[in-house]
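Working notes for the structure below.
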Amino acid sequence: MQPTTNQANLPGAGCHADLHAALFDSDPGQSKLALLSDIEDGLRGLQSALLSHNLEHVAAATVQLALYQAELKRMLLIPSCGPAGKSTSGARQLRTAQWQVLHLGRVQAALLARVQRSLTAMANALAGREASYHPPASVPVSEFSAGVCRCRV
Amino acid sequence: MSSLNASLATALSGLQAEQGALEATTNNVANANTPGYSREVPVLETSDPVTIGSLTFGTGVTLESIESIRDPILESQIQQETQTQGQLNSLVSALQQTQTTFSSTTGDIGTAISNFFSSINQLATSPADLSLRQGVLTAADNLASAFNAAANNLTEQRTNLDDSVEQTVGQINQLTGQIAQLNGQINQAENAGGTGGTLIDQRTELIDQLSSLVDVSVIPTGNTLTLTTAAGTALVAGQQSFQLSTQTNSSGEQDVYSGSTDITSTIVSGQLGGILQARDQQIPSLQNQLDTLAAGLANAVNGVQTAGYDLNGAQGTDLFAPPPGGGAGAAASMSVAITDPSLIAASSDGTSGDNSNANAMYALSNQAIVDGQSPSDYYSGIVFNVGNAVSNATAEQSASNLMLQQLDDQRSAVSGVSLNEEAANMIQYQQAYAASAQVITAINDMMYDVINMTTLTT
């Protein structure tokens with residue numbers, strides 16, 4: 001029986017498979033650049049999803065980035081994948097891409113902190129003045145009391 | 001049954017209400033591109049009906065008020081993010097300026113350290129060579145100059161930031177005065193039954209400007225607002241504004257005061273917060289590190305120099321002027337203490353051909369003589385920390401800009417003027433006005449008929 005979840009079912013898995021092939025078949029410097037470029041696109045996508053509060057897209061983009069991260073870790077373990085690439089201009093391109101990804105990662109962290117703050121503020125505002133030990137307004141008090149009684153029994 | 005005059009009054013109320021609604025639309029269209037303008041909507045209500053016998057007749061419509069559409073939570077979020085943005089803008093600007101002091105140029109400290117030790121290494125190859133000895137003195141002089149220049153740049157930057165503190169406090173006072181004045185006008189307008197929509201827009205715009213300068217908490221108080229800093233220092237209460245002031249502290253820098261209370265350390269956000277953070281934390285920390293490096297390097301070199309012998313066979317004297325005790329100000333005051341190249345102590349035994357002490361001095365370049373690190377490593381650490389601080393602050397700034405843009409878009413969606421919607425409203429009010437006018441014409445005809453009927457009857 002086939003497993004119900006595999007990489008092919010995950011968002012962007014087709015692209016991921018292509019990338020994997022590219023990583024091990026071609027010039028490591030170029031492959032690394034391609035991966036960094038994909039991470040950059042992924043971070044930008046995640047950024048706009050976060051800003052527009054598109055939670056579905058945030059979840060999908062996060063899964064995609066986790067896959068890229070795993071790929072990057074795997075790539076760093078391969079000895080031939082040196083950071084410099086083959087040429088000086090290649091090394092420069094790679095360094096620029098690395099900085100860009102680092103910057104976007106930092107921006108993402110700052111955005112997440114802000115969104116977290118605003119969600120906490122919203123949760124507090126919605127919680128109202130009272131502690132949440134009372135039944136929600138939509139639940140009749142009688143039902144709640146019955147539940148409490150059953151628990152005691 | 002109601003009279004024709006009553007019907008006429010009802011139709012007239014329709015004319016007046018639609019005219020008022022049309023005025024709101026006209027004002028919206030006129031302000032479609034005004035920054036901070038909140039669109040206005042007419043609030044129309046049915047007038048109280050009258051009952052005659054068993055029948056109840058409507059008496060038309062009343063234009064109750066013209067309301068501006070605002071989202072207070074969104075406004076509060078925008079003000080909060082504007083404060084963060086203001087703080088980050090001034091911090092990033094200051095840090096970028098600081099970074100140029102440590103950027104890699106021919107005259108920077110890193111290069112000067114490297115050149116200094118390189119000149120000593122060259123001297124070790126021919127310790128009696130006067131031109132090589134002169135080369136060491138020149139390199140030492142360049143090193144001292146590099147430290148002096150960096151320290152002076154940082155001091156100058158702190159002075160400039162200090163001037164900015166005074167200017168920013170002046171701007172804050174101006175804005176709080178204007179906000180207090182507007183509070184009074186809004187209160188007056190609302191007590192007179194109006195809404196003060198345009199005045200509230202102006203006040204919101206001024207609060208946004210104030211938020212970019214200092215951390216502000218907005219507390220609605222009746223028809224007016226109370227503004228305090230995040231730490232609770234009153235800025236505006238109703239129609240009264242509380243001026244901030246600056247006073248020179250023992251270090252010769254400006255502290256911010258509210259009345260007789262020093263609130264400098266409580267200001268953490270807005271442009272003022274960023275300026276204070278750079279002036280009181282970031283730059284002093286760099287100055288300390290620079291002093292540690294200068295003092296460590298000078299003391300270590302002097303230690304080796306005084307342990308050796310010069311070209312004349314005499315005990316060596318300090319190469320660099322001894323740094324101040326504790327190291328504070330060591331970078332700014334660093335200087336070369338000798339001018340005669342023969343006084344460089346390259347020898348360990350007093351013979352002119354011995355290079356042992358020059359080698360020992362060169363070995364300092366790789367020894368942990370500055371806070372457990374070699375001079376070059378310590379300097380690299382400073383450069384890395386500055387670069388890292390700039391990168392972090394820039395990323396925070398980008399996030400803040402993105403967030404603020406998003407919030408502004410949301411505000412525009414809630415409070416902005418949609419010309420399409422206004423065009424539709426205009427047609428709607430125009431038609432309703434025309435219909436009311438038609439009713440008045442019809443009533444006029446009916447009255448004419450009644451008058452004619454009366455004339456015929458008599």
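Starting from 1 in every chain, residues are counted up; chains themselves are A, B, ... following the order of the structure tokens, and ligands are numbered from 1 as listed.
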Which chain B residues are at most 9 Å from chain A (counting only C-alpha atoms), as a list in words?
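Taken together, these residues fit the definition: Gln77, Ser391, Asn392, Thr394, Ala395, Glu396, Gln397, Ser398, Ala399, Ser400, Leu402, Met403 and Gln406 of chain B.
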Would you put the residues from that selection into a file with N, CA and C atoms, as a PDB file, in the first residue's frame?
ATOM      1  N   GLN B  77      -3.235  51.116  15.670  1.00  0.00           N
ATOM      2  CA  GLN B  77      -2.154  50.277  15.114  1.00  0.00           C
ATOM      3  C   GLN B  77      -1.211  51.110  14.250  1.00  0.00           C
ATOM      4  N   SER B 391      22.314  45.683   9.699  1.00  0.00           N
ATOM      5  CA  SER B 391      21.477  44.708   8.985  1.00  0.00           C
ATOM      6  C   SER B 391      20.180  44.436   9.749  1.00  0.00           C
ATOM      7  N   ASN B 392      20.299  44.240  11.052  1.00  0.00           N
ATOM      8  CA  ASN B 392      19.094  43.966  11.855  1.00  0.00           C
ATOM      9  C   ASN B 392      18.134  45.143  11.831  1.00  0.00           C
ATOM     10  N   THR B 394      17.960  47.483   9.599  1.00  0.00           N
ATOM     11  CA  THR B 394      17.414  47.674   8.250  1.00  0.00           C
ATOM     12  C   THR B 394      16.277  46.684   7.991  1.00  0.00           C
ATOM     13  N   ALA B 395      16.474  45.441   8.451  1.00  0.00           N
ATOM     14  CA  ALA B 395      15.411  44.440   8.269  1.00  0.00           C
ATOM     15  C   ALA B 395      14.163  44.844   9.052  1.00  0.00           C
ATOM     16  N   GLU B 396      14.379  45.326  10.269  1.00  0.00           N
ATOM     17  CA  GLU B 396      13.245  45.785  11.088  1.00  0.00           C
ATOM     18  C   GLU B 396      12.547  46.954  10.397  1.00  0.00           C
ATOM     19  N   GLN B 397      13.353  47.830   9.795  1.00  0.00           N
ATOM     20  CA  GLN B 397      12.802  48.996   9.103  1.00  0.00           C
ATOM     21  C   GLN B 397      11.964  48.544   7.902  1.00  0.00           C
ATOM     22  N   SER B 398      12.493  47.576   7.156  1.00  0.00           N
ATOM     23  CA  SER B 398      11.736  47.065   5.998  1.00  0.00           C
ATOM     24  C   SER B 398      10.411  46.472   6.450  1.00  0.00           C
ATOM     25  N   ALA B 399      10.466  45.692   7.549  1.00  0.00           N
ATOM     26  CA  ALA B 399       9.235  45.071   8.058  1.00  0.00           C
ATOM     27  C   ALA B 399       8.247  46.151   8.496  1.00  0.00           C
ATOM     28  N   SER B 400       8.782  47.183   9.137  1.00  0.00           N
ATOM     29  CA  SER B 400       7.920  48.264   9.612  1.00  0.00           C
ATOM     30  C   SER B 400       7.271  48.992   8.432  1.00  0.00           C
ATOM     31  N   LEU B 402       6.676  47.772   5.446  1.00  0.00           N
ATOM     32  CA  LEU B 402       5.677  46.882   4.837  1.00  0.00           C
ATOM     33  C   LEU B 402       4.388  46.877   5.656  1.00  0.00           C
ATOM     34  N   MET B 403       4.569  46.786   6.963  1.00  0.00           N
ATOM     35  CA  MET B 403       3.406  46.720   7.855  1.00  0.00           C
ATOM     36  C   MET B 403       2.598  48.008   7.784  1.00  0.00           C
ATOM     37  N   GLN B 406       0.675  48.261   4.632  1.00  0.00           N
ATOM     38  CA  GLN B 406      -0.508  47.394   4.720  1.00  0.00           C
ATOM     39  C   GLN B 406      -1.606  48.065   5.539  1.00  0.00           C
TER      40      GLN B 406
END
Please provide as JSON, numbers by chain all residues within 12 Å of B:Asp71, with the sequence filter that same-chain residues fewer than 3 positions apart are discarded (counting only C-alpha atoms).
{"B": [38, 39, 68, 74, 75, 76, 77, 78, 204, 407, 408, 410, 411, 412, 413, 414, 415, 416]}
For B:Val136: contacts at 8 Å, only C-alpha atoms, fewer than 5 positions along chain excluded, given as a ChimeraX atom specification:
/B:116,119-120,123
Please compute the atom CA of A:Leu126-atom CA of B:Pro72 distance, one decimal, in Å.
15.1 Å
Compile the contact shell of B:Thr226 as a ChimeraX atom specification: residues with an atom at most 12 Å away, counting only C-alpha atoms, same-chain residues fewer than 4 positions apart removed.
/B:176,179-180,183-184,207,216-222,232-242
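In this structure, atom CA of B:Ala434 sits 21.9 Å away from atom CA of B:Ser65.
The two atoms in question, atom CA of B:Ala6 and atom CA of B:Gln438, are spaced 15.7 Å apart.
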Residues of stretch 52-114 of chain A in alpha helix (DSSP H) according to DSSP, as a ChimeraX atom specification?
/A:55-77,88-114
Using DSSP on the backbone coordinates, identify the residues of stretch 121-301 of chain B assigned to strand (DSSP E or B); present them as a list in words.
Ser217, Val218, Ile219, Pro220, Thr221, Thr224, Leu225, Thr226, Leu227, Thr228, Ala234, Leu235, Val236, Ala237, Gln240, Ser241, Leu244, Ser245, Thr246, Gln247, Thr248, Gln254, Asp255, Val256, Tyr257, Ser258, Thr261 and Asp262 of chain B
